[in-house]
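**Q** Sharing my_file31.txt here; it has compact mmCIF, C-alpha atoms.
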# COMPACT_ATOMS: atom_id res chain seq x y z
CA MET A 1 0.00 0.00 0.00
CA TYR A 2 1.27 3.43 -0.98
CA THR A 3 -0.43 6.42 0.61
CA PHE A 4 -0.52 9.77 -1.16
CA ASN A 5 -2.48 11.33 1.68
CA PRO A 6 -0.95 14.78 2.37
CA GLY A 7 -0.72 14.21 6.10
CA PRO A 8 -0.16 12.18 8.06
CA SER A 9 1.59 10.80 5.03
CA GLN A 10 3.83 7.96 3.96
CA VAL A 11 6.75 7.43 6.35
CA TYR A 12 10.23 6.34 5.38
CA PRO A 13 10.52 2.52 5.51
CA GLU A 14 13.74 2.98 7.49
CA LEU A 15 11.63 4.13 10.44
CA ARG A 16 11.08 0.49 11.39
CA GLY A 17 14.79 0.19 12.13
CA TYR A 18 15.01 3.62 13.75
CA LEU A 19 12.19 2.70 16.15
CA GLN A 20 13.91 -0.54 17.11
CA ASP A 21 17.17 1.36 17.68
CA ALA A 22 15.38 3.93 19.84
CA PHE A 23 14.04 1.13 22.03
CA ASP A 24 17.34 -0.74 22.21
CA GLU A 25 19.32 2.43 22.97
CA GLY A 26 17.00 3.47 25.80
CA TRP A 27 15.67 6.67 24.24
CA LEU A 28 12.08 5.94 25.23
CA SER A 29 12.95 6.51 28.88
CA ALA A 30 15.86 8.95 28.52
CA PRO A 31 15.78 11.88 31.01
CA HIS A 32 15.06 15.05 29.07
CA ARG A 33 17.20 17.21 31.37
CA GLY A 34 20.23 14.96 31.08
CA GLU A 35 23.36 15.50 29.01
CA ARG A 36 22.49 12.67 26.64
CA PHE A 37 19.25 14.30 25.52
CA THR A 38 20.69 17.81 25.30
CA GLY A 39 23.43 16.37 23.10
CA LEU A 40 20.76 14.88 20.84
CA MET A 41 18.96 18.24 20.70
CA ARG A 42 22.17 20.09 19.87
CA GLN A 43 23.00 17.68 17.05
CA THR A 44 19.46 17.68 15.65
CA VAL A 45 19.36 21.48 15.49
CA ALA A 46 22.78 21.51 13.79
CA ASP A 47 21.63 18.91 11.26
CA LEU A 48 18.42 20.82 10.54
CA LYS A 49 20.40 23.96 9.77
CA THR A 50 22.89 22.07 7.61
CA LYS A 51 20.45 19.90 5.65
CA LEU A 52 17.80 22.64 5.13
CA ASN A 53 20.18 25.60 4.65
CA ILE A 54 18.79 27.47 7.66
CA PRO A 55 20.97 30.48 8.55
CA GLN A 56 23.19 29.87 11.55
CA ASP A 57 21.87 32.94 13.38
CA TYR A 58 18.27 31.71 13.17
CA THR A 59 16.97 29.72 16.14
CA VAL A 60 15.04 26.44 16.11
CA TYR A 61 12.29 25.42 18.54
CA PHE A 62 10.39 22.14 18.88
CA LEU A 63 6.66 22.21 19.59
CA SER A 64 3.87 19.63 19.48
CA SER A 65 2.56 20.63 16.03
CA ALA A 66 2.27 23.44 13.53
CA THR A 67 -1.14 24.19 15.01
CA GLU A 68 0.47 25.00 18.37
CA CYS A 69 2.54 27.60 16.53
CA TRP A 70 -0.66 29.57 15.86
CA GLU A 71 -1.20 29.86 19.59
CA VAL A 72 2.41 30.64 20.46
CA LEU A 73 2.68 33.36 17.83
CA ALA A 74 -0.53 35.03 19.00
CA GLN A 75 0.59 34.86 22.64
CA SER A 76 4.22 35.88 22.35
CA LEU A 77 4.52 38.02 19.21
CA THR A 78 1.11 39.65 18.80
CA PRO A 79 0.31 42.09 21.62
CA ASN A 80 -2.06 44.01 19.32
CA LYS A 81 -3.16 42.24 16.14
CA SER A 82 -2.07 40.27 13.10
CA PHE A 83 -2.89 40.51 9.40
CA HIS A 84 -3.59 37.28 7.48
CA LEU A 85 -3.42 36.78 3.72
CA TYR A 86 -4.85 33.39 2.71
CA SER A 87 -6.38 31.38 -0.13
CA GLY A 88 -7.44 28.19 1.62
CA ALA A 89 -8.78 26.47 4.71
CA PHE A 90 -5.60 26.30 6.78
CA GLY A 91 -4.70 29.93 6.24
CA GLU A 92 -8.25 30.83 7.19
CA LYS A 93 -8.12 28.64 10.31
CA TRP A 94 -4.92 30.38 11.37
CA PHE A 95 -6.70 33.72 10.98
CA GLU A 96 -9.74 32.54 12.95
CA TYR A 97 -7.57 31.20 15.76
CA ALA A 98 -5.53 34.41 15.93
CA LYS A 99 -8.73 36.47 15.99
CA ALA A 100 -10.05 34.42 18.92
CA LEU A 101 -6.98 35.47 20.92
CA ARG A 102 -6.47 38.91 19.38
CA PRO A 103 -9.94 40.15 18.27
CA ASN A 104 -8.57 43.10 16.29
CA SER A 105 -6.76 40.80 13.84
CA VAL A 106 -7.80 41.15 10.19
CA GLY A 107 -7.63 38.96 7.11
CA GLN A 108 -7.88 39.07 3.33
CA GLN A 109 -8.67 36.11 1.07
CA PHE A 110 -7.52 35.61 -2.52
CA GLY A 111 -8.30 33.00 -5.18
CA ILE A 112 -6.37 29.80 -5.80
CA ASP A 113 -5.30 30.91 -9.29
CA GLU A 114 -4.53 34.44 -8.13
CA LEU A 115 -1.10 35.78 -7.25
CA PRO A 116 -1.76 38.88 -5.15
CA GLU A 117 -0.01 42.04 -6.26
CA VAL A 118 2.14 42.96 -3.28
CA TYR A 119 2.40 46.64 -4.13
CA THR A 120 -1.37 47.13 -4.24
CA LEU A 121 -2.23 45.11 -1.13
CA PRO A 122 -4.01 47.20 1.50
CA LEU A 123 -1.50 46.35 4.19
CA PRO A 124 -2.55 47.45 7.69
CA ASP A 125 -1.09 50.25 9.76
CA ASP A 126 1.73 50.23 12.30
CA SER A 127 -0.48 48.63 14.94
CA VAL A 128 -0.05 45.27 13.17
CA ASP A 129 2.58 43.12 14.85
CA LEU A 130 2.55 40.12 12.56
CA VAL A 131 1.74 39.52 8.87
CA CYS A 132 0.85 35.87 8.27
CA VAL A 133 0.91 33.87 5.02
CA THR A 134 0.68 30.20 4.12
CA GLN A 135 3.53 29.38 1.78
CA ASN A 136 2.08 25.99 0.79
CA GLU A 137 -1.68 25.68 1.29
CA THR A 138 -2.30 21.97 1.83
CA SER A 139 -6.07 22.25 1.44
CA ASN A 140 -6.06 23.45 -2.17
CA ALA A 141 -2.57 22.62 -3.50
CA THR A 142 -1.37 26.22 -3.94
CA GLN A 143 1.99 27.79 -3.25
CA LEU A 144 3.47 31.26 -2.84
CA ARG A 145 6.85 31.62 -4.55
CA ASP A 146 10.03 33.12 -3.11
CA GLY A 147 9.65 36.37 -5.02
CA PHE A 148 6.22 37.08 -3.56
CA ILE A 149 7.40 36.44 0.00
CA LEU A 150 10.46 38.67 -0.48
CA ASN A 151 8.41 41.52 -1.96
CA LEU A 152 5.92 41.23 0.88
CA TYR A 153 8.69 41.23 3.47
CA ASN A 154 10.17 44.39 1.96
CA ARG A 155 6.86 46.22 2.40
CA LEU A 156 6.22 45.41 6.05
CA GLY A 157 8.20 48.00 7.93
CA ASN A 158 8.08 47.17 11.62
CA ALA A 159 5.77 44.13 11.34
CA LEU A 160 7.23 40.62 11.37
CA LEU A 161 6.48 38.14 8.59
CA ALA A 162 5.32 34.66 9.69
CA VAL A 163 5.13 31.81 7.17
CA ASP A 164 3.25 28.52 7.48
CA ALA A 165 5.35 25.99 5.53
CA THR A 166 3.75 22.88 7.01
CA SER A 167 3.53 20.88 3.78
CA SER A 168 6.74 22.18 2.20
CA LEU A 169 9.25 22.42 5.07
CA GLY A 170 11.84 19.74 4.42
CA GLY A 171 10.64 19.24 0.84
CA ILE A 172 11.55 22.41 -1.02
CA GLN A 173 14.40 24.87 -0.64
CA LEU A 174 13.01 27.79 1.33
CA LYS A 175 14.75 31.17 1.51
CA TYR A 176 14.60 31.66 5.26
CA ILE A 177 16.15 35.14 5.24
CA LYS A 178 13.04 36.41 3.41
CA ALA A 179 10.84 36.07 6.52
CA ASP A 180 11.07 36.20 10.31
CA ILE A 181 9.17 33.04 11.30
CA TRP A 182 8.81 29.70 9.53
CA TYR A 183 7.07 26.65 10.93
CA GLY A 184 5.81 23.20 9.99
CA SER A 185 5.27 19.63 11.17
CA VAL A 186 7.16 16.40 10.56
CA GLN A 187 4.27 14.23 9.30
CA LYS A 188 4.57 15.56 5.76
CA CYS A 189 7.89 16.24 4.02
CA PHE A 190 9.99 14.69 6.79
CA GLY A 191 8.38 11.26 6.32
CA MET A 192 7.67 10.79 10.04
CA PRO A 193 4.65 10.10 12.24
CA ALA A 194 2.80 13.14 13.60
CA GLY A 195 3.54 14.73 16.96
CA LEU A 196 6.43 17.15 16.44
CA GLY A 197 6.40 20.74 15.21
CA ILE A 198 9.39 22.83 14.12
CA MET A 199 9.61 26.62 14.35
CA VAL A 200 12.48 28.68 12.92
CA LEU A 201 12.92 32.31 14.02
CA SER A 202 15.12 35.14 12.76
CA PRO A 203 17.23 37.28 15.10
CA ARG A 204 14.70 40.08 14.58
CA ALA A 205 11.87 37.85 15.79
CA VAL A 206 13.90 36.76 18.83
CA ALA A 207 14.64 40.37 19.74
CA ARG A 208 10.94 41.22 19.37
CA PHE A 209 9.57 38.49 21.66
CA ARG A 210 12.27 39.24 24.22
CA GLN A 211 11.17 42.87 24.12
CA PHE A 212 7.50 41.90 24.63
CA ASN A 213 8.60 39.46 27.37
CA GLU A 214 5.33 37.52 27.47
CA ARG A 215 5.62 34.91 30.24
CA SER A 216 1.99 33.98 30.96
CA HIS A 217 2.11 30.59 29.22
CA TYR A 218 4.28 27.51 29.59
CA ASN A 219 5.06 27.58 25.87
CA SER A 220 5.82 31.31 25.61
CA LEU A 221 8.68 32.03 23.26
CA VAL A 222 10.66 33.75 26.01
CA ALA A 223 10.54 30.61 28.14
CA GLN A 224 11.36 28.40 25.17
CA TYR A 225 14.27 30.64 24.24
CA GLU A 226 15.74 30.49 27.74
CA LYS A 227 15.50 26.69 27.80
CA MET A 228 16.93 26.26 24.31
CA LEU A 229 20.06 28.15 25.36
CA ASN A 230 20.88 24.82 27.05
CA PHE A 231 19.13 22.70 24.38
CA GLN A 232 16.20 21.92 26.64
CA THR A 233 12.45 22.51 26.41
CA THR A 234 9.85 24.08 28.69
CA HIS A 235 8.01 20.77 28.97
CA THR A 236 8.69 17.06 28.67
CA PRO A 237 9.41 16.89 24.94
CA ASN A 238 8.68 14.30 22.27
CA VAL A 239 12.04 12.58 22.76
CA LEU A 240 11.18 9.81 20.30
CA GLY A 241 10.14 12.32 17.64
CA ILE A 242 13.35 14.31 18.02
CA TYR A 243 15.39 11.09 17.86
CA LEU A 244 13.58 9.99 14.69
CA LEU A 245 14.08 13.42 13.15
CA SER A 246 17.78 13.20 13.88
CA ARG A 247 18.00 9.83 12.13
CA VAL A 248 15.96 11.00 9.13
CA LEU A 249 18.15 14.08 8.70
CA THR A 250 21.34 12.02 8.92
CA ASP A 251 20.22 9.69 6.13
CA ARG A 252 18.62 12.27 3.82
CA GLU A 253 20.21 14.24 1.00
CA PRO A 254 20.64 18.02 1.39
CA ILE A 255 17.55 20.07 0.61
CA LYS A 256 18.85 21.22 -2.78
CA ALA A 257 18.79 17.64 -4.09
CA VAL A 258 15.45 16.85 -2.41
CA HIS A 259 13.91 20.01 -3.88
CA GLN A 260 15.03 19.22 -7.43
CA HIS A 261 13.75 15.66 -7.20
CA LEU A 262 10.30 16.77 -6.02
CA LEU A 263 10.18 19.55 -8.62
CA ASP A 264 10.97 17.11 -11.44
CA ARG A 265 8.33 14.70 -10.19
CA ALA A 266 5.70 17.44 -9.80
CA THR A 267 6.40 18.69 -13.33
CA LYS A 268 5.80 15.22 -14.76
CA LEU A 269 2.56 14.82 -12.82
CA TYR A 270 1.22 18.23 -13.86
CA ASP A 271 2.23 17.58 -17.48
CA TYR A 272 0.30 14.33 -17.43
CA PHE A 273 -2.87 15.71 -15.84
CA ASP A 274 -2.83 18.86 -17.98
CA GLN A 275 -3.47 16.51 -20.91
CA ALA A 276 -6.09 14.43 -19.09
CA THR A 277 -9.76 14.59 -20.04
CA GLN A 278 -11.54 13.46 -16.87
CA LEU A 279 -9.47 14.64 -13.89
CA THR A 280 -7.68 17.96 -14.32
CA PRO A 281 -5.49 20.06 -11.99
CA LEU A 282 -7.46 21.96 -9.36
CA VAL A 283 -5.10 24.92 -9.77
CA THR A 284 -4.98 26.09 -13.37
CA ASN A 285 -2.34 28.81 -12.94
CA PRO A 286 1.15 27.19 -13.06
CA GLU A 287 2.53 30.12 -11.03
CA THR A 288 0.39 29.25 -8.01
CA ARG A 289 0.63 25.45 -8.13
CA SER A 290 2.22 23.61 -5.24
CA THR A 291 5.28 21.42 -5.74
CA THR A 292 4.51 19.12 -2.82
CA VAL A 293 0.70 18.74 -3.03
CA ILE A 294 -1.02 18.17 -6.37
CA GLY A 295 -4.77 18.81 -6.42
CA LEU A 296 -7.09 17.26 -9.02
CA GLN A 297 -10.70 18.17 -9.67
CA GLY A 298 -13.67 16.42 -11.22
CA PRO A 299 -17.35 15.59 -10.62
CA PRO A 300 -17.96 14.19 -7.10
CA ALA A 301 -19.08 10.80 -8.43
CA LEU A 302 -15.88 10.49 -10.46
CA ILE A 303 -13.72 11.54 -7.50
CA ASP A 304 -15.30 8.82 -5.34
CA ASP A 305 -14.85 6.23 -8.08
CA VAL A 306 -11.20 7.13 -8.62
CA LYS A 307 -10.37 6.91 -4.91
CA ARG A 308 -12.23 3.59 -4.53
CA ARG A 309 -10.58 1.94 -7.53
CA ALA A 310 -7.15 3.26 -6.64
CA LEU A 311 -7.44 1.91 -3.10
CA ALA A 312 -8.31 -1.53 -4.48
CA GLN A 313 -4.95 -1.46 -6.26
CA GLY A 314 -2.95 -0.39 -3.20
CA LEU A 315 -2.93 3.35 -3.92
CA GLN A 316 -4.50 5.55 -1.25
CA LEU A 317 -5.29 9.02 -2.58
CA GLY A 318 -5.87 12.04 -0.35
CA ASN A 319 -9.36 13.45 0.06
CA GLY A 320 -10.31 16.96 -0.93
CA TYR A 321 -10.53 19.50 1.87
CA GLY A 322 -12.84 22.32 2.89
CA SER A 323 -14.93 23.77 0.08
CA TRP A 324 -13.12 21.47 -2.37
CA LYS A 325 -13.87 18.30 -0.38
CA SER A 326 -16.42 16.68 -2.69
CA ASN A 327 -15.01 17.62 -6.09
CA SER A 328 -11.26 17.20 -5.62
CA LEU A 329 -8.56 14.84 -4.42
CA ARG A 330 -4.98 15.51 -3.38
CA ILE A 331 -1.75 13.71 -4.17
CA ALA A 332 1.19 14.26 -1.81
CA ASN A 333 4.56 14.67 -3.50
CA PHE A 334 6.67 14.12 -0.40
CA PRO A 335 10.24 12.76 -0.23
CA ALA A 336 9.35 9.53 1.59
CA ILE A 337 7.08 8.36 -1.25
CA PRO A 338 9.24 6.41 -3.74
CA ASP A 339 9.31 7.04 -7.48
CA VAL A 340 7.90 3.58 -8.12
CA ALA A 341 4.68 4.64 -6.36
CA TYR A 342 4.18 7.53 -8.80
CA GLU A 343 4.90 5.26 -11.74
CA GLN A 344 2.17 2.93 -10.53
CA LEU A 345 -0.15 5.88 -9.99
CA VAL A 346 0.26 7.22 -13.54
CA GLN A 347 -0.16 3.71 -14.95
CA PHE A 348 -3.37 3.36 -12.95
CA PHE A 349 -4.81 6.60 -14.36
CA ALA A 350 -3.70 5.77 -17.89
CA ARG A 351 -5.26 2.31 -17.69
CA GLU A 352 -8.47 3.13 -15.83
CA PHE A 353 -9.28 6.72 -16.80
CA ALA A 354 -7.60 7.43 -20.13
Could you render the structure from this file as C-alpha cells?

**A**
Amino acid sequence: MYTFNPGPSQVYPELRGYLQDAFDEGWLSAPHRGERFTGLMRQTVADLKTKLNIPQDYTVYFLSSATECWEVLAQSLTPNKSFHLYSGAFGEKWFEYAKALRPNSVGQQFGIDELPEVYTLPLPDDSVDLVCVTQNETSNATQLRDGFILNLYNRLGNALLAVDATSSLGGIQLKYIKADIWYGSVQKCFGMPAGLGIMVLSPRAVARFRQFNERSHYNSLVAQYEKMLNFQTTHTPNVLGIYLLSRVLTDREPIKAVHQHLLDRATKLYDYFDQATQLTPLVTNPETRSTTVIGLQGPPALIDDVKRRALAQGLQLGNGYGSWKSNSLRIANFPAIPDVAYEQLVQFFAREFA
C-alpha cells in the first residue's frame, strides 16, 4: 500500500529500524534534562540547519505541532493584532484562531489561481505586529513563490512576517532570510509520524519576543528561548520524535537535491494531468501550483470512483478538503514516497481513466 495522503503521510521505511534502535538504545525513557538528551537536541538542530540551509543565526524550537505555533505566535509576538493573507482552509483557520486570541486581527482572502499584487495590497497600519501567510496551502494545493514572499517582506516596515510551511518544510528549498518566522510539522515532508512541530525564528523575531517578554504561558517564546540556550524545552518533549528526526536528517540528502527531485516529479505529474480529459489540476495557474501537493478536480461521483478503484490497487489518494472536499482529491509529493509509487499511480490513471 502506498499512501498519497498529504498528512499524516507515507513514512520512510527505514523508520522500522530507527524505532527498534530507539528502544534498544533506551531513548524511550531517557531523562530530558540529562546530558544525553541535550546532546541529541544540539546535534538535531545543527543537522536541521545544515540539511535545510537554515541560517546559523536563526533559532530552532520544537513544539507539538504546527497548530500550536498559531497559539504561540498570538501569545508571544502579537500584543495588538495580526494581518492574514490566505487562499485556503488552513490559512483561514490560522486567521480565525488568531482572531479568537487577538480580536482586532484582520484577514484578506484571494483566489487559488490568483497571485496577489504585493504593491497594491491594503497592508494594515503600524499597529499590526505580525503579517501571516501560508507558503504551501495543503487544502487546495497552492503555493506562494520566493519572489512574492520577499516583496511582501520588503513592504512590512516594523511588522514581522510569519510563514506557514507545514507541507513544504523539508521538501523544497526555502529562503529563510526572506521572513522572520517559519514553521511546519514532521508528518509531511519529513516522512515521520505526527507529533512534532518545528519553528524557525530570525534574530529580529527573537529580539521582538524578548522585548514583549510575554511569560503567561508555559510555551511562551521567552521561556522556550531560555530553555533552548541549554538545548532543553519548557516541557517534557517528544524525545522519540526528536530522535527519529535526527535519524531522518542524517540519512537524507541536502535540501537542494530533495527540492530538485520533487520539482521534477511534480512537473511530470502536472504535465500528465494537464493533458487528461476526466481529472484535471485543481489549480490552473502554473505560477500558483504547489510542488509538494497536487490537487485534481472532477465531478464528485468520479472523485469517489477514482479513490475507490485506486485503493483496491494499493494506492491511497488524499481526500479533498474544505470547500473542495467533494469535487477534488490531493496527491502528496513528499520525499518519503518512492518514485515507483508515482509510476504505478500514472499507470493506474492511464489504464483506468484514459

**Q** Between CA of Ser167 in chain A and CA of Cys69 in chain A, measure the distance and give it in Å to one decimal.

**A**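 Pair CA of Ser167 in chain A / CA of Cys69 in chain A returns 14.4 Å.
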
**Q** Go ahead and find all residues with at least one atom no further than 10 Å from (-3.3, 3.8, -4.0) in the file's coordinates, using all atoms listed in the file; report them as a list in words.

**A** Met1, Tyr2, Thr3, Phe4, Asn5, Val306, Lys307, Arg308, Arg309, Ala310, Leu311, Ala312, Gln313, Gly314, Leu315, Gln316, Leu317, Gly318, Ala341, Tyr342, Gln344, Leu345 and Phe348 of chain A

**Q** Those same residues - C-alpha atoms - I'd like them written as a CSV table (one decimal), in the frame of the given file.

**A**
chain,number,residue,atom,x,y,z
A,1,MET,CA,0.0,0.0,0.0
A,2,TYR,CA,1.3,3.4,-1.0
A,3,THR,CA,-0.4,6.4,0.6
A,4,PHE,CA,-0.5,9.8,-1.2
A,5,ASN,CA,-2.5,11.3,1.7
A,306,VAL,CA,-11.2,7.1,-8.6
A,307,LYS,CA,-10.4,6.9,-4.9
A,308,ARG,CA,-12.2,3.6,-4.5
A,309,ARG,CA,-10.6,1.9,-7.5
A,310,ALA,CA,-7.2,3.3,-6.6
A,311,LEU,CA,-7.4,1.9,-3.1
A,312,ALA,CA,-8.3,-1.5,-4.5
A,313,GLN,CA,-5.0,-1.5,-6.3
A,314,GLY,CA,-3.0,-0.4,-3.2
A,315,LEU,CA,-2.9,3.4,-3.9
A,316,GLN,CA,-4.5,5.6,-1.2
A,317,LEU,CA,-5.3,9.0,-2.6
A,318,GLY,CA,-5.9,12.0,-0.4
A,341,ALA,CA,4.7,4.6,-6.4
A,342,TYR,CA,4.2,7.5,-8.8
A,344,GLN,CA,2.2,2.9,-10.5
A,345,LEU,CA,-0.2,5.9,-10.0
A,348,PHE,CA,-3.4,3.4,-13.0

**Q** When you count all atoms listed in the file, which of these residues is closest to Asp57 in chain A: A:Gln108, A:Asn219, A:Ser139, A:Ser202?

**A**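 Checking each of A:Gln108, A:Asn219, A:Ser139, A:Ser202 against Asp57 in chain A, counting all atoms listed in the file, the winner is A:Ser202.
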
**Q** Hey, which bits of range 188-253 of chain A sit within 10 Å of range 320-334 of chain A, and for each residue what's the closest pair of atoms and how far apart in Å (one decimal), counting all atoms listed in the file, rows by chain and increasing number, as a Markdown table?

**A**
| residue | atom | partner | partner_atom | distance |
| --- | --- | --- | --- | --- |
| A:Lys188 | CA | A:Phe334 | CA | 6.7 |
| A:Cys189 | CA | A:Phe334 | CA | 5.1 |
| A:Phe190 | CA | A:Phe334 | CA | 7.9 |
| A:Gly191 | CA | A:Phe334 | CA | 7.5 |

**Q** Write out as a ChimeraX atom specification the residues lying within 10 Å of range 84-93 of chain A, counting only C-alpha atoms and excluding same-chain residues fewer than 5 positions away.

**A** /A:67,70,98-99,105-116,121,123,130-143,162,164,166,321-324

**Q** Of the candidates A:Ala223, A:Ala336, A:Leu302, A:Leu144, which shows the shortest atom-to-atom distance to Glu287 in chain A, using all atoms listed in the file?

**A**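 Checking each of A:Ala223, A:Ala336, A:Leu302, A:Leu144 against Glu287 in chain A, counting all atoms listed in the file, the winner is A:Leu144.
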
**Q** What does the structure give for the distance between CA of His259 in chain A and CA of Ser290 in chain A, in Å to one decimal?

**A**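 Between these atoms lies a distance of 12.3 Å.
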
**Q** I need the residue nearest Arg155 in chain A from this list: A:Leu279, A:Leu169, A:Val248, A:Val118. Use all atoms listed in the file for the distance.

**A**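 Looking only at the distances to Arg155 in chain A, the closest residue turns out to be A:Val118.
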
**Q** Between CA of Thr288 in chain A and CA of Val346 in chain A, measure the distance and give it in Å to one decimal.

**A**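 Interatomic distance here is 22.7 Å.
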
**Q** In terms of the shortest atom-to-atom distance over all atoms listed in the file, which of A:Leu282, A:Leu240, A:Ala159, A:Val72 is closest to Leu28 in chain A?

**A**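 For Leu28 in chain A, the nearest of the candidates is A:Leu240.
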
**Q** Given the choices A:Gln10, A:Asn319, A:Gln278, A:Thr291, which gets closest to Glu352 in chain A if the distance is worked out from all atoms listed in the file?

**A**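 Of all the options, A:Gln278 lies closest to Glu352 in chain A.
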